[in-house]
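**Student:** Please find one structure pasted underneath; my questions will follow.
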Amino acid sequence: MSAADTQSATAGAAIAGTPLIEARNVTRILSGVVPTTLVHNIDLAIRENEFVAITGPSGSGKSSLLYLLGLLDLPTAGEVLVRGLETTHMAEEDRAHARLTMLGFVFQFHFLLPEFTVLENVMLPMRALGQLSASGMRTRGGELLGSLGLGDHMNKRPDQLSGGQRQRVAVARALANEPPVILADEPTGSLDSKASEQVFEVLRDLVRRHGKTVVAVTHDLGMAARMDRQIELIDGAIVADKTINARG
């Protein structure tokens, strides 16, 4: 299936009630002398405009699950669907296209490239997708940075910014291709309390004001309690999936 066919099929599957991302009986086993089960028999549906926390102790499989949902890893068994389209057996080209168009990623340590400016970092996913001109990419990148209070920092290098500012740049980069879903792995884990609150408010704003779906792995139970839904993992399995703050 070509990337164009994938996009067409994905759009056709975007009907009422179809989850944005769905895991069906997903298991991931890390091979080795002693195989390690990272996640086990996960069934999970993530829908539009949800603000979801994935919690659990260290080693419970939180990040492993996020990488499976984000098509960064393949399950050993089961399948992951994006807007109803099964992705597990896709060609890698089509999985990459689905990642670029459907999913944005924010990691604990931002992973900004130090040799590029802030604006150039934000433009990277746009370059990979290849749908905008150079001027179009610069315009969109500048608008995203401006919306996050970073309009005056576009031409700086990442090491000239604070930790909270760098993480907001990472959010702008995640939004570069206008994906409906943002997946965040410990997005406030390396920040002080003030910067953590700023990043949390940015993520919440994406859901409340811009209709995005945000799924965040976090050890911060205070942060999780302010989200809409909490999924708790222990030993690679979901032990609780509860609505915390229902919205009408």
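Residue numbering restarts at 1 for every chain of the structure tokens, chains are lettered A, B, ... in their displayed order, and ligands are numbered from 1 as they appear.
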Give me the residues near range 167-181 of chain A as a PyMOL selection string, where near means some atom within 7 Å (using only C-alpha atoms) and where sequence neighbours in that chain fewer than 3 positions away do not count.

**Tutor:** chain A and resi 100-106+110+118+121-123+125-126+141+144-145+148+163-164+199+212-214

**Student:** When you look at Leu221 in chain A with a cut-off of 10 Å (counting only C-alpha atoms), what residues show up, excluding the ones that are within fewer than 5 positions of it in the same chain? I need them as a ChimeraX atom specification.

**Tutor:** /A:53-56,226-227,230

**Student:** Filtering to C-alpha atoms, could you give me those residues as a CSV table (one decimal), in the first residue's frame?

**Tutor:**
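Listing of out_31.csv after writing:
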```
chain,number,residue,atom,x,y,z
A,53,ALA,CA,-2.3,10.0,31.7
A,54,ILE,CA,-0.5,6.6,31.6
A,55,THR,CA,0.9,5.9,35.1
A,56,GLY,CA,2.6,3.1,37.0
A,226,ARG,CA,-5.6,17.0,36.6
A,227,MET,CA,-6.1,15.1,33.4
A,230,GLN,CA,-5.8,7.8,34.0
```

**Student:** Using Å and a single decimal, report how far CA of Leu119 in chain A sits from CA of Asp152 in chain A.

**Tutor:** 10.6 Å

**Student:** Write out as a list in words the residues lying within 10 Å of Val39 in chain A, counting only C-alpha atoms and excluding same-chain residues fewer than 4 positions away.

**Tutor:**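 Once the adjacent positions are removed, what remains is Asn25, Val26, Thr27, Arg28, Ile29, Leu30, Ser60, Gly61, Lys62, Ser63, Ser64, Leu65, Leu68, Pro75, Thr76, Leu233, Ile234, Asp235, Gly236, Ala237 and Ile238 of chain A.
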
**Student:** Mind giving me the straight-line distance from CA of Phe200 in chain A to CA of Glu232 in chain A in Å, one decimal?

**Tutor:**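 CA of Glu232 in chain A lies 19.3 Å from CA of Phe200 in chain A.
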
**Student:** I want to know what sits within 10 Å of Glu120 in chain A, based on only C-alpha atoms, with residues of the same chain fewer than 4 positions away left out; could you give that as a ChimeraX atom specification?

**Tutor:** /A:112-113,115-116,124-125,127,137-138,141-142,154-157,173

**Student:** Per DSSP on the backbone, filter range 59-244 of chain A down to the residues in helix (DSSP H, G or I) and report them as number ranges by chain.

**Tutor:** A: 62-69, 92-102, 118-129, 134-147, 151-153, 158-160, 163-174, 193-208, 221-224

**Student:** Compare A:Ala134, A:Ala240, A:Ala224, A:Ala195 by their minimum atom-to-atom distance to Leu44 in chain A, counting only C-alpha atoms, and give me the closest one.

**Tutor:** A:Ala240

**Student:** For CA of Thr18 in chain A and CA of Ala128 in chain A, quote the distance in Å rounded to one decimal.

**Tutor:**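 Going from CA of Thr18 in chain A over to CA of Ala128 in chain A covers 27.5 Å.
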
**Student:** Which parts of range 68-212 of chain A does DSSP call strand (DSSP E or B) when run on the backbone here, written out as a PyMOL selection string?

**Tutor:** chain A and resi 77-82+85-86+103-107+181-185
